[in-house]
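Dropping model.cif in here (mmCIF, C-alpha atoms and all ligand atoms):
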```cif
data_protein
loop_
_atom_site.label_atom_id
_atom_site.label_comp_id
_atom_site.auth_asym_id
_atom_site.auth_seq_id
_atom_site.Cartn_x
_atom_site.Cartn_y
_atom_site.Cartn_z
CA MET A 1 0.00 0.00 0.00
CA LYS A 2 1.26 3.51 -0.85
CA LYS A 3 2.17 5.83 2.03
CA ILE A 4 0.59 9.26 1.91
CA LEU A 5 1.21 12.20 4.21
CA ILE A 6 -1.73 14.59 4.63
CA ILE A 7 -0.51 18.01 5.73
CA HIS A 8 -3.22 20.21 7.15
CA THR A 9 -2.77 23.98 6.83
CA GLY A 10 -6.28 25.28 7.52
CA GLY A 11 -9.14 26.75 5.49
CA THR A 12 -12.84 25.99 5.34
CA PHE A 13 -12.22 22.23 5.06
CA GLY A 14 -11.75 21.77 8.80
CA MET A 15 -13.80 24.62 10.16
CA ALA A 16 -16.09 23.81 13.05
CA PRO A 17 -19.86 24.34 12.83
CA LEU A 18 -20.90 27.63 14.38
CA LYS A 19 -24.11 29.50 14.98
CA PRO A 20 -25.29 31.20 11.76
CA SER A 21 -24.47 34.64 13.18
CA GLU A 22 -20.82 33.73 13.73
CA VAL A 23 -18.07 33.88 11.15
CA LEU A 24 -16.25 30.74 10.04
CA ALA A 25 -13.11 30.14 12.06
CA PRO A 26 -10.55 27.34 11.92
CA GLY A 27 -11.72 24.34 13.98
CA LYS A 28 -9.81 21.85 16.07
CA PHE A 29 -10.80 18.48 14.71
CA GLN A 30 -8.45 18.14 11.76
CA ASP A 31 -6.41 15.47 13.54
CA LYS A 32 -9.50 13.31 13.33
CA ILE A 33 -9.52 13.29 9.55
CA THR A 34 -9.01 9.56 9.29
CA THR A 35 -11.84 8.99 11.75
CA LEU A 36 -14.17 11.29 9.84
CA VAL A 37 -13.21 10.02 6.38
CA PRO A 38 -12.17 6.42 7.07
CA GLU A 39 -12.45 5.58 3.34
CA ILE A 40 -9.04 7.09 2.68
CA THR A 41 -7.33 4.40 4.72
CA ARG A 42 -8.55 1.90 2.11
CA ILE A 43 -6.66 3.80 -0.59
CA ALA A 44 -3.35 4.30 1.20
CA ASP A 45 -1.48 4.11 4.44
CA ILE A 46 -2.28 7.59 5.81
CA GLU A 47 -0.46 9.83 8.22
CA VAL A 48 -1.73 13.28 9.15
CA GLN A 49 0.32 16.26 10.19
CA ILE A 50 -1.14 19.57 11.34
CA LEU A 51 1.30 22.21 10.17
CA PHE A 52 -0.94 25.26 10.65
CA ASN A 53 -4.58 26.03 11.10
CA LEU A 54 -4.88 29.27 9.21
CA ASP A 55 -7.36 30.97 7.00
CA SER A 56 -5.40 30.93 3.77
CA SER A 57 -5.56 34.73 3.51
CA ASP A 58 -2.94 34.66 6.25
CA MET A 59 -0.60 32.37 4.39
CA GLY A 60 2.40 33.65 2.49
CA ILE A 61 6.14 33.38 2.06
CA GLU A 62 6.84 32.07 5.57
CA GLU A 63 4.27 29.28 5.32
CA TRP A 64 5.25 28.37 1.73
CA GLU A 65 8.82 27.91 2.89
CA ILE A 66 7.78 25.71 5.81
CA ILE A 67 5.52 23.49 3.67
CA ALA A 68 8.16 23.11 0.93
CA ALA A 69 10.88 22.24 3.44
CA GLU A 70 8.60 19.72 5.17
CA ILE A 71 7.77 17.96 1.90
CA HIS A 72 11.41 17.97 0.80
CA LYS A 73 12.53 16.55 4.15
CA LYS A 74 9.97 13.74 3.92
CA LEU A 75 10.17 13.10 0.17
CA TYR A 76 11.61 9.62 0.61
CA GLN A 77 9.36 8.62 3.51
CA TYR A 78 6.12 8.93 1.53
CA ASP A 79 4.83 8.14 -1.96
CA GLY A 80 2.72 11.28 -2.16
CA PHE A 81 1.53 14.35 -0.27
CA VAL A 82 -1.88 15.92 0.20
CA ILE A 83 -2.00 19.51 1.40
CA ILE A 84 -5.33 20.59 2.87
CA HIS A 85 -5.49 24.32 2.26
CA GLY A 86 -7.98 27.19 2.19
CA THR A 87 -9.27 27.88 -1.29
CA ASP A 88 -8.65 31.63 -1.25
CA THR A 89 -4.88 31.51 -1.74
CA MET A 90 -4.46 27.88 -2.73
CA VAL A 91 -3.14 28.76 -6.19
CA TYR A 92 -0.37 30.95 -4.70
CA THR A 93 0.80 28.13 -2.43
CA ALA A 94 0.60 25.68 -5.34
CA ALA A 95 2.76 28.01 -7.46
CA ALA A 96 5.19 28.56 -4.58
CA LEU A 97 5.61 24.81 -4.05
CA SER A 98 6.08 24.23 -7.79
CA PHE A 99 8.90 26.82 -7.87
CA SER A 100 10.50 25.50 -4.65
CA LEU A 101 10.44 21.74 -5.24
CA ILE A 102 12.53 21.52 -8.40
CA ASN A 103 12.55 18.18 -10.28
CA LEU A 104 9.72 16.94 -8.10
CA ASN A 105 9.27 13.20 -8.58
CA LYS A 106 6.11 12.60 -6.53
CA PRO A 107 2.60 14.03 -6.43
CA VAL A 108 1.96 17.03 -4.21
CA VAL A 109 -1.81 17.46 -4.24
CA LEU A 110 -3.54 20.54 -2.87
CA THR A 111 -7.18 20.33 -1.96
CA GLY A 112 -9.70 21.96 0.37
CA ALA A 113 -13.40 22.64 0.47
CA GLN A 114 -16.10 25.21 -0.11
CA ARG A 115 -18.16 23.68 2.73
CA PRO A 116 -16.55 22.19 5.85
CA LEU A 117 -16.37 18.48 6.54
CA SER A 118 -18.51 19.15 9.61
CA LYS A 119 -21.53 20.05 7.44
CA LEU A 120 -23.86 17.30 6.31
CA ARG A 121 -23.77 18.50 2.70
CA ASN A 122 -20.13 19.19 1.94
CA ASP A 123 -17.50 18.89 -0.76
CA ALA A 124 -14.68 18.27 1.72
CA ARG A 125 -15.12 14.49 1.95
CA LEU A 126 -15.05 13.79 -1.79
CA ASN A 127 -12.25 16.29 -2.45
CA LEU A 128 -10.12 14.57 0.19
CA ILE A 129 -10.82 11.08 -1.14
CA ASP A 130 -10.03 12.24 -4.70
CA ALA A 131 -6.85 13.99 -3.54
CA VAL A 132 -5.61 10.88 -1.71
CA GLU A 133 -6.30 8.75 -4.81
CA LEU A 134 -4.31 11.19 -6.98
CA ALA A 135 -1.50 11.39 -4.43
CA SER A 136 -1.08 7.63 -4.72
CA MET A 137 -0.55 7.84 -8.50
CA ASN A 138 2.54 8.52 -10.53
CA ILE A 139 2.21 12.28 -11.02
CA PRO A 140 5.51 14.14 -10.60
CA GLU A 141 4.15 17.64 -10.04
CA VAL A 142 2.17 20.02 -7.83
CA ILE A 143 -1.52 19.72 -8.67
CA ILE A 144 -4.86 20.94 -7.38
CA VAL A 145 -7.61 18.36 -7.10
CA PHE A 146 -10.91 20.07 -6.45
CA GLY A 147 -14.50 19.66 -7.60
CA GLN A 148 -13.54 16.60 -9.66
CA ARG A 149 -11.00 18.59 -11.65
CA ILE A 150 -7.29 17.85 -11.75
CA LEU A 151 -5.32 21.01 -12.49
CA ARG A 152 -1.71 22.00 -12.72
CA GLY A 153 -1.22 24.06 -9.54
CA ASN A 154 0.66 26.97 -11.08
CA ARG A 155 -1.89 27.28 -13.92
CA ALA A 156 -4.99 27.36 -11.73
CA LYS A 157 -7.21 30.25 -10.67
CA LYS A 158 -9.94 30.38 -8.07
CA ILE A 159 -13.01 31.30 -10.13
CA SER A 160 -15.92 30.74 -7.76
CA ILE A 161 -16.83 31.60 -4.19
CA HIS A 162 -20.04 29.59 -4.53
CA HIS A 163 -19.60 26.60 -6.81
CA PHE A 164 -17.99 23.37 -5.71
CA ARG A 165 -16.00 23.55 -8.95
CA ALA A 166 -14.05 26.48 -7.56
CA PHE A 167 -10.93 26.28 -9.74
CA HIS A 168 -10.24 26.55 -13.42
CA SER A 169 -7.13 26.43 -15.53
CA PRO A 170 -7.81 28.94 -18.31
CA ASN A 171 -4.62 28.58 -20.32
CA TYR A 172 -3.74 24.93 -19.90
CA PRO A 173 -5.96 21.88 -20.32
CA TYR A 174 -7.06 20.09 -17.16
CA LEU A 175 -4.62 17.30 -16.37
CA GLY A 176 -7.62 15.12 -15.83
CA GLU A 177 -11.19 14.84 -14.60
CA ILE A 178 -12.85 12.62 -12.07
CA GLY A 179 -16.20 11.03 -12.83
CA VAL A 180 -17.07 7.38 -12.81
CA ASP A 181 -13.39 6.86 -13.63
CA ILE A 182 -10.36 8.99 -12.97
CA ARG A 183 -9.20 10.13 -16.40
CA ILE A 184 -5.71 11.60 -16.61
CA ASP A 185 -4.13 13.00 -19.75
CA HIS A 186 -0.62 11.66 -19.17
CA SER A 187 0.71 13.57 -22.18
CA LYS A 188 0.02 16.83 -20.30
CA LEU A 189 1.93 15.90 -17.14
CA LEU A 190 5.44 17.10 -16.37
CA LYS A 191 8.17 14.49 -16.72
CA SER A 192 10.44 14.13 -13.73
CA SER A 193 14.10 14.59 -14.54
CA GLY A 194 17.08 14.65 -12.22
CA SER A 195 16.91 14.52 -8.47
CA PRO A 196 14.56 16.72 -6.47
CA VAL A 197 16.08 19.93 -5.12
CA LEU A 198 14.66 22.37 -2.59
CA LEU A 199 15.08 25.94 -3.79
CA ASN A 200 14.72 28.14 -0.72
CA GLY A 201 13.75 31.77 -0.53
CA PHE A 202 11.17 34.30 -1.69
CA HIS A 203 11.70 38.05 -1.77
CA ALA A 204 8.71 40.23 -0.92
CA GLY A 205 9.75 43.04 -3.28
CA VAL A 206 6.99 42.44 -5.84
CA VAL A 207 3.76 44.43 -6.05
CA VAL A 208 0.70 43.90 -8.24
CA LEU A 209 -1.26 47.02 -9.17
CA SER A 210 -4.70 46.47 -10.63
CA VAL A 211 -5.16 49.25 -13.19
CA GLN A 212 -8.76 50.48 -13.61
CA PRO A 213 -10.31 53.04 -15.96
CA SER A 214 -9.61 56.61 -14.73
CA MET A 215 -7.17 55.37 -12.08
CA ASP A 216 -4.43 57.97 -11.94
CA PRO A 217 -0.84 56.66 -11.87
CA VAL A 218 0.19 59.86 -10.07
CA SER A 219 -1.33 58.35 -6.90
CA PHE A 220 1.24 55.55 -7.13
CA ILE A 221 4.34 57.45 -8.19
CA ASN A 222 5.69 57.65 -4.62
CA LEU A 223 5.58 53.88 -4.47
CA LEU A 224 8.51 53.91 -6.88
CA ASP A 225 10.69 55.26 -4.04
CA SER A 226 9.85 52.23 -1.88
CA PRO A 227 12.10 49.14 -1.72
CA VAL A 228 9.75 47.32 -4.13
CA LEU A 229 11.82 46.10 -7.09
CA VAL A 230 9.24 44.65 -9.44
CA TYR A 231 5.74 45.83 -10.35
CA ILE A 232 3.12 43.82 -12.17
CA LEU A 233 0.49 46.10 -13.67
CA GLU A 234 -2.78 44.30 -14.25
CA GLY A 235 -4.00 45.90 -17.45
CA PHE A 236 -6.86 45.26 -19.85
CA GLY A 237 -7.27 42.63 -22.54
CA ALA A 238 -3.99 41.79 -24.25
CA GLY A 239 -2.11 44.02 -21.76
CA ASN A 240 -3.34 47.51 -22.58
CA LEU A 241 -3.07 50.45 -20.20
CA PRO A 242 -4.58 53.96 -20.24
CA VAL A 243 -2.16 56.22 -22.11
CA GLY A 244 -4.30 59.39 -22.43
CA ASN A 245 -5.19 61.56 -19.42
CA GLN A 246 -4.07 58.85 -17.03
CA ASN A 247 -0.68 58.22 -18.49
CA TRP A 248 0.70 54.92 -17.31
CA ILE A 249 3.56 55.18 -19.81
CA SER A 250 5.18 57.93 -17.77
CA PHE A 251 4.78 55.71 -14.68
CA ILE A 252 6.65 52.95 -16.53
CA GLU A 253 9.36 55.38 -17.67
CA SER A 254 9.85 56.67 -14.11
CA ALA A 255 10.02 53.08 -12.83
CA VAL A 256 12.65 52.14 -15.40
CA GLN A 257 14.68 55.24 -14.53
CA LYS A 258 14.61 54.14 -10.89
CA ASP A 259 15.91 50.72 -11.93
CA LYS A 260 12.63 48.91 -11.27
CA LEU A 261 11.16 46.21 -13.48
CA ILE A 262 7.63 46.50 -14.84
CA PHE A 263 5.61 43.50 -16.00
CA ILE A 264 2.15 43.69 -17.50
CA GLY A 265 -0.59 41.12 -16.90
CA SER A 266 -4.29 41.22 -17.67
CA HIS A 267 -7.67 41.25 -15.95
CA SER A 268 -8.75 38.77 -18.63
CA MET A 269 -7.75 35.30 -17.59
CA ASP A 270 -8.19 33.45 -20.86
CA GLY A 271 -5.46 34.03 -23.45
CA GLY A 272 -2.08 35.68 -23.15
CA VAL A 273 -0.70 39.18 -22.83
CA ASP A 274 0.74 40.45 -26.13
CA LEU A 275 2.18 43.94 -25.94
CA THR A 276 2.58 44.20 -29.71
CA LEU A 277 -1.13 44.14 -30.59
CA TYR A 278 -2.35 47.65 -29.66
CA ALA A 279 -0.77 51.08 -29.78
CA GLY A 280 -1.01 51.67 -26.00
CA ALA A 281 0.65 48.37 -25.13
CA LYS A 282 3.33 49.02 -27.77
CA GLN A 283 4.15 52.28 -25.97
CA ALA A 284 4.45 50.35 -22.72
CA LEU A 285 6.78 47.89 -24.43
CA ALA A 286 8.88 50.72 -25.85
CA ALA A 287 9.04 52.31 -22.38
CA GLY A 288 10.58 49.09 -21.05
CA ALA A 289 7.65 46.99 -19.79
CA HIS A 290 7.51 43.20 -20.22
CA GLY A 291 4.40 41.07 -20.78
CA ILE A 292 3.71 38.03 -18.61
CA GLY A 293 2.33 36.05 -21.56
CA ALA A 294 -0.26 33.44 -20.62
CA MET A 295 1.04 32.91 -17.10
CA THR A 296 -1.51 33.65 -14.39
CA ILE A 297 -0.90 36.84 -12.40
CA GLU A 298 -0.67 34.67 -9.29
CA ALA A 299 2.04 32.41 -10.75
CA ALA A 300 3.95 35.39 -12.17
CA TYR A 301 3.84 37.14 -8.77
CA VAL A 302 5.15 34.12 -6.88
CA LYS A 303 7.74 33.27 -9.55
CA LEU A 304 9.15 36.81 -9.43
CA GLN A 305 9.35 36.60 -5.64
CA LYS A 306 11.29 33.35 -6.02
CA ILE A 307 13.61 34.83 -8.66
CA LEU A 308 14.29 37.99 -6.64
CA ALA A 309 15.50 35.84 -3.77
CA GLN A 310 18.21 34.55 -6.14
CA THR A 311 19.19 37.61 -8.12
CA GLN A 312 18.42 41.28 -8.41
CA ASP A 313 20.22 41.71 -11.69
CA LYS A 314 17.60 42.82 -14.21
CA GLN A 315 18.84 40.73 -17.13
CA GLU A 316 19.03 37.63 -14.97
CA ILE A 317 15.54 38.25 -13.62
CA LEU A 318 14.18 38.53 -17.16
CA GLN A 319 16.08 35.44 -18.27
CA LYS A 320 14.85 33.34 -15.34
CA PHE A 321 11.31 34.64 -15.76
CA SER A 322 11.26 33.52 -19.39
CA GLU A 323 12.36 29.98 -18.48
CA ASN A 324 9.74 27.31 -17.94
CA TRP A 325 10.29 26.05 -14.38
CA ALA A 326 7.35 23.78 -13.75
CA GLY A 327 4.97 24.00 -16.68
CA GLU A 328 3.77 27.51 -15.77
CA ILE A 329 4.51 28.82 -19.28
N1 LIG B 1 -11.31 31.72 3.72
C1 LIG B 1 -11.09 30.31 3.45
C2 LIG B 1 -9.62 30.10 3.22
O1 LIG B 1 -9.14 30.31 2.15
C3 LIG B 1 -11.89 29.87 2.27
C4 LIG B 1 -11.82 28.41 1.95
O2 LIG B 1 -11.09 27.64 2.49
O3 LIG B 1 -12.61 28.00 1.07
O4 LIG B 1 -8.93 29.75 4.15
#
```
Kindly present the structure from the file in structure tokens form.
Amino acid sequence: MKKILIIHTGGTFGMAPLKPSEVLAPGKFQDKITTLVPEITRIADIEVQILFNLDSSDMGIEEWEIIAAEIHKKLYQYDGFVIIHGTDTMVYTAAALSFSLINLNKPVVLTGAQRPLSKLRNDARLNLIDAVELASMNIPEVIIVFGQRILRGNRAKKISIHHFRAFHSPNYPYLGEIGVDIRIDHSKLLKSSGSPVLLNGFHAGVVVLSVQPSMDPVSFINLLDSPVLVYILEGFGAGNLPVGNQNWISFIESAVQKDKLIFIGSHSMDGGVDLTLYAGAKQALAAGAHGIGAMTIEAAYVKLQKILAQTQDKQEILQKFSENWAGEI
């Protein structure tokens, strides 16, 4: 029987039932997972570890580092890992793990729930069973298993607060789907090569600015004097920014003068940023901005944090950003 480690980090999955007037808060019964979902012990030999019990909005660099180090340390003790995680920032943690566990040779499966295990009608039980099944397969990458979808972690986006199918992968096919059978498209999976390496470190010097119509870049100009090194501007469509009265081109020029890097992403999740398509984006390109292509904003943000921890040389940052680390491009 395969050995699977379930690492609990928090989120709705394990929240305790409360009176309707109270907000959801992390509960205490996660260590009873195998008692509450005994089915999983028929799939694999299960061990459970409670690493944190946080709402995922409170997770970030520190927690990503701890989870990655824990998995790396135990890589040869288990055949696969299931991370129970809040849905809100699950895709960031998935991206962070994919950029930290280089040459991963085992499945690291993130899952969670929209309704807690403690509720009679919930998605937690099935998501956990599905995640344990996937963690016992030969999948050498970080994936999200949620709502019967199997997604590459660093390609996924949370798209619903309501639906049980909370995640989608707009620019990469699902790795598989779970119905009567588990169907996996093996041709879409990463191939493991070389021995696994833990790449430590994230640098918090990355900021994402969501550009909106009539939003004046002047309000943000002082930010360029902060220690932030890299800005991702979330623009429109193929990566367009306002260039008329609200002139984001001068913001980019000032940033470049101050030796900062500017990347441009998009509010639109389907398709890729192409700064050569429209006049405004071409100006941004000429001013020194770089498009993030079809990478999600979340993956680009985490990847740049990872890269900045290794180098602050602009050319090296751009070079590393353009390389495909874990199927994110
Ligand atoms: N706020 C919760 C979290 O992300 C939501 C969830 O788990 O679905 O921790």
Could you check which of A:His168, A:Lys303, A:Lys260, A:His186 is closest to A:Leu97, using only C-alpha atoms?
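For A:Leu97, the nearest of the candidates is A:Lys303.
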Selection near A:Val48, 8 Å with only C-alpha atoms, sequence-local residues under 4 positions removed, as an MDAnalysis selection string:
chainID A and resid 5:8 31 33
Could you give me, as a Markdown table, a per-residue list for chain A showing, wherever an atom lies at most 7 Å from an atom of ligand LIG 1 (chain B), the closest pair of atoms and their distance in Å to one decimal, using all atoms listed in the file and sorting by chain then residue number from low to high?
```
| residue | atom | partner | partner_atom | distance |
| --- | --- | --- | --- | --- |
| A:Gly10 | CA | B:LIG1 | O4 | 6.2 |
| A:Gly11 | CA | B:LIG1 | O4 | 3.3 |
| A:Thr12 | CA | B:LIG1 | O2 | 3.7 |
| A:Phe13 | CA | B:LIG1 | O2 | 6.1 |
| A:Leu54 | CA | B:LIG1 | O4 | 6.5 |
| A:Asp55 | CA | B:LIG1 | O4 | 3.5 |
| A:Ser56 | CA | B:LIG1 | O4 | 3.7 |
| A:Ser57 | CA | B:LIG1 | O1 | 5.8 |
| A:His85 | CA | B:LIG1 | O2 | 6.5 |
| A:Gly86 | CA | B:LIG1 | O2 | 3.2 |
| A:Thr87 | CA | B:LIG1 | O3 | 4.1 |
| A:Asp88 | CA | B:LIG1 | O1 | 3.7 |
| A:Thr89 | CA | B:LIG1 | O1 | 5.9 |
| A:Gly112 | CA | B:LIG1 | O2 | 6.2 |
| A:Ala113 | CA | B:LIG1 | O3 | 5.5 |
| A:Gln114 | CA | B:LIG1 | O3 | 4.6 |
```
Could you work out how far atom CA of A:Val109 lies from atom CA of A:Tyr92, giving the answer in Å with one decimal?
13.6 Å
For the point (-1.7, 42.1, -26.9) in the file's frame, write as a PyMOL selection string all residues with an atom no more than 12 Å away, counting all atoms listed in the file.
chain A and resi 235-241+264-266+268+271-285+290-294
Using only C-alpha atoms: which of A:Val211, A:Leu199, A:Ile4, A:Leu134 has the shortest distance to A:Asn247:
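For A:Asn247, the nearest of the candidates is A:Val211.
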Judged by all atoms listed in the file, the minimum distance to A:Ile66 among A:Asn127, A:Asn105, A:Thr296, A:Ser100 is found for A:Ser100
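Those residues that approach stretch 73-80 of chain A to within 7 Å, counting only C-alpha atoms, are Lys2, Lys3, Ile4, Leu5, Lys106, Pro107, Val108, Ala135 and Ser136 of chain A; same-chain residues fewer than 5 positions away are not listed.
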Mind giving me the straight-line distance from atom CA of A:Asn171 to atom CA of A:Leu318 in Å, one decimal?
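Computing the Euclidean distance for atom CA of A:Asn171 and atom CA of A:Leu318 yields 21.5 Å.
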At a cut-off of 10 Å around the point (18.4, 45.2, -15.5) (file coordinates), what residues fall inside when counting only C-alpha atoms? I'd like the answer as an MDAnalysis selection string.
chainID A and resid 256 259:261 312:318
Of the candidates A:Glu141, A:Glu63, A:Glu234, A:Asp216, which one gets nearest to A:Gly327 if we count all atoms listed in the file?
A:Glu141
To one decimal place in Å, what is the distance between atom CA of A:Lys258 and atom CA of A:Leu229?
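Atom CA of A:Leu229 lies at a distance of 9.3 Å from atom CA of A:Lys258.
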Taking into account all atoms listed in the file, which residue in the set A:Val208, A:Lys306, A:Leu36, A:Ile221 is nearest to A:Ile262?
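Counting all atoms listed in the file, the residue closest to A:Ile262 is A:Val208.
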Extract stretch 83-106 of chain A from the preceding block and save N, CA and C atoms as a compact mmCIF listing (two decimals), in the first residue's frame.
```txt
# COMPACT_ATOMS: atom_id res chain seq x y z
N ILE A 83 -2.01 18.30 0.57
CA ILE A 83 -2.00 19.51 1.40
C ILE A 83 -3.44 20.01 1.49
N ILE A 84 -4.00 20.02 2.69
CA ILE A 84 -5.33 20.59 2.87
C ILE A 84 -5.15 22.08 3.12
N HIS A 85 -5.81 22.89 2.31
CA HIS A 85 -5.49 24.32 2.26
C HIS A 85 -6.77 25.10 1.99
N GLY A 86 -6.86 26.31 2.52
CA GLY A 86 -7.98 27.19 2.19
C GLY A 86 -7.99 27.48 0.70
N THR A 87 -9.18 27.69 0.16
CA THR A 87 -9.27 27.88 -1.29
C THR A 87 -8.79 29.26 -1.73
N ASP A 88 -8.89 30.25 -0.82
CA ASP A 88 -8.65 31.63 -1.25
C ASP A 88 -7.25 31.85 -1.83
N THR A 89 -6.24 31.29 -1.22
CA THR A 89 -4.88 31.51 -1.74
C THR A 89 -4.21 30.19 -2.14
N MET A 90 -5.03 29.19 -2.39
CA MET A 90 -4.46 27.88 -2.73
C MET A 90 -3.55 27.95 -3.97
N VAL A 91 -3.94 28.76 -4.96
CA VAL A 91 -3.14 28.76 -6.19
C VAL A 91 -1.77 29.41 -5.96
N TYR A 92 -1.68 30.34 -5.00
CA TYR A 92 -0.37 30.95 -4.70
C TYR A 92 0.54 29.90 -4.05
N THR A 93 -0.02 29.15 -3.10
CA THR A 93 0.80 28.13 -2.43
C THR A 93 1.21 27.05 -3.44
N ALA A 94 0.28 26.70 -4.32
CA ALA A 94 0.60 25.68 -5.34
C ALA A 94 1.75 26.18 -6.21
N ALA A 95 1.68 27.45 -6.63
CA ALA A 95 2.76 28.01 -7.46
C ALA A 95 4.06 28.03 -6.66
N ALA A 96 3.98 28.46 -5.41
CA ALA A 96 5.19 28.56 -4.58
C ALA A 96 5.85 27.18 -4.42
N LEU A 97 5.04 26.16 -4.20
CA LEU A 97 5.61 24.81 -4.05
C LEU A 97 6.21 24.34 -5.37
N SER A 98 5.55 24.69 -6.49
CA SER A 98 6.08 24.23 -7.79
C SER A 98 7.41 24.90 -8.12
N PHE A 99 7.63 26.12 -7.60
CA PHE A 99 8.90 26.82 -7.87
C PHE A 99 9.96 26.53 -6.79
N SER A 100 9.56 25.82 -5.73
CA SER A 100 10.50 25.50 -4.65
C SER A 100 10.97 24.06 -4.73
N LEU A 101 10.09 23.17 -5.19
CA LEU A 101 10.44 21.74 -5.24
C LEU A 101 10.81 21.40 -6.68
N ILE A 102 12.06 21.69 -7.02
CA ILE A 102 12.53 21.52 -8.40
C ILE A 102 12.78 20.04 -8.68
N ASN A 103 12.44 19.60 -9.88
CA ASN A 103 12.55 18.18 -10.28
C ASN A 103 11.74 17.28 -9.35
N LEU A 104 10.59 17.73 -8.98
CA LEU A 104 9.72 16.94 -8.10
C LEU A 104 9.43 15.59 -8.77
N ASN A 105 9.49 14.53 -7.99
CA ASN A 105 9.27 13.20 -8.58
C ASN A 105 8.07 12.48 -7.97
N LYS A 106 7.29 13.21 -7.17
CA LYS A 106 6.11 12.60 -6.53
C LYS A 106 4.94 13.57 -6.58
```
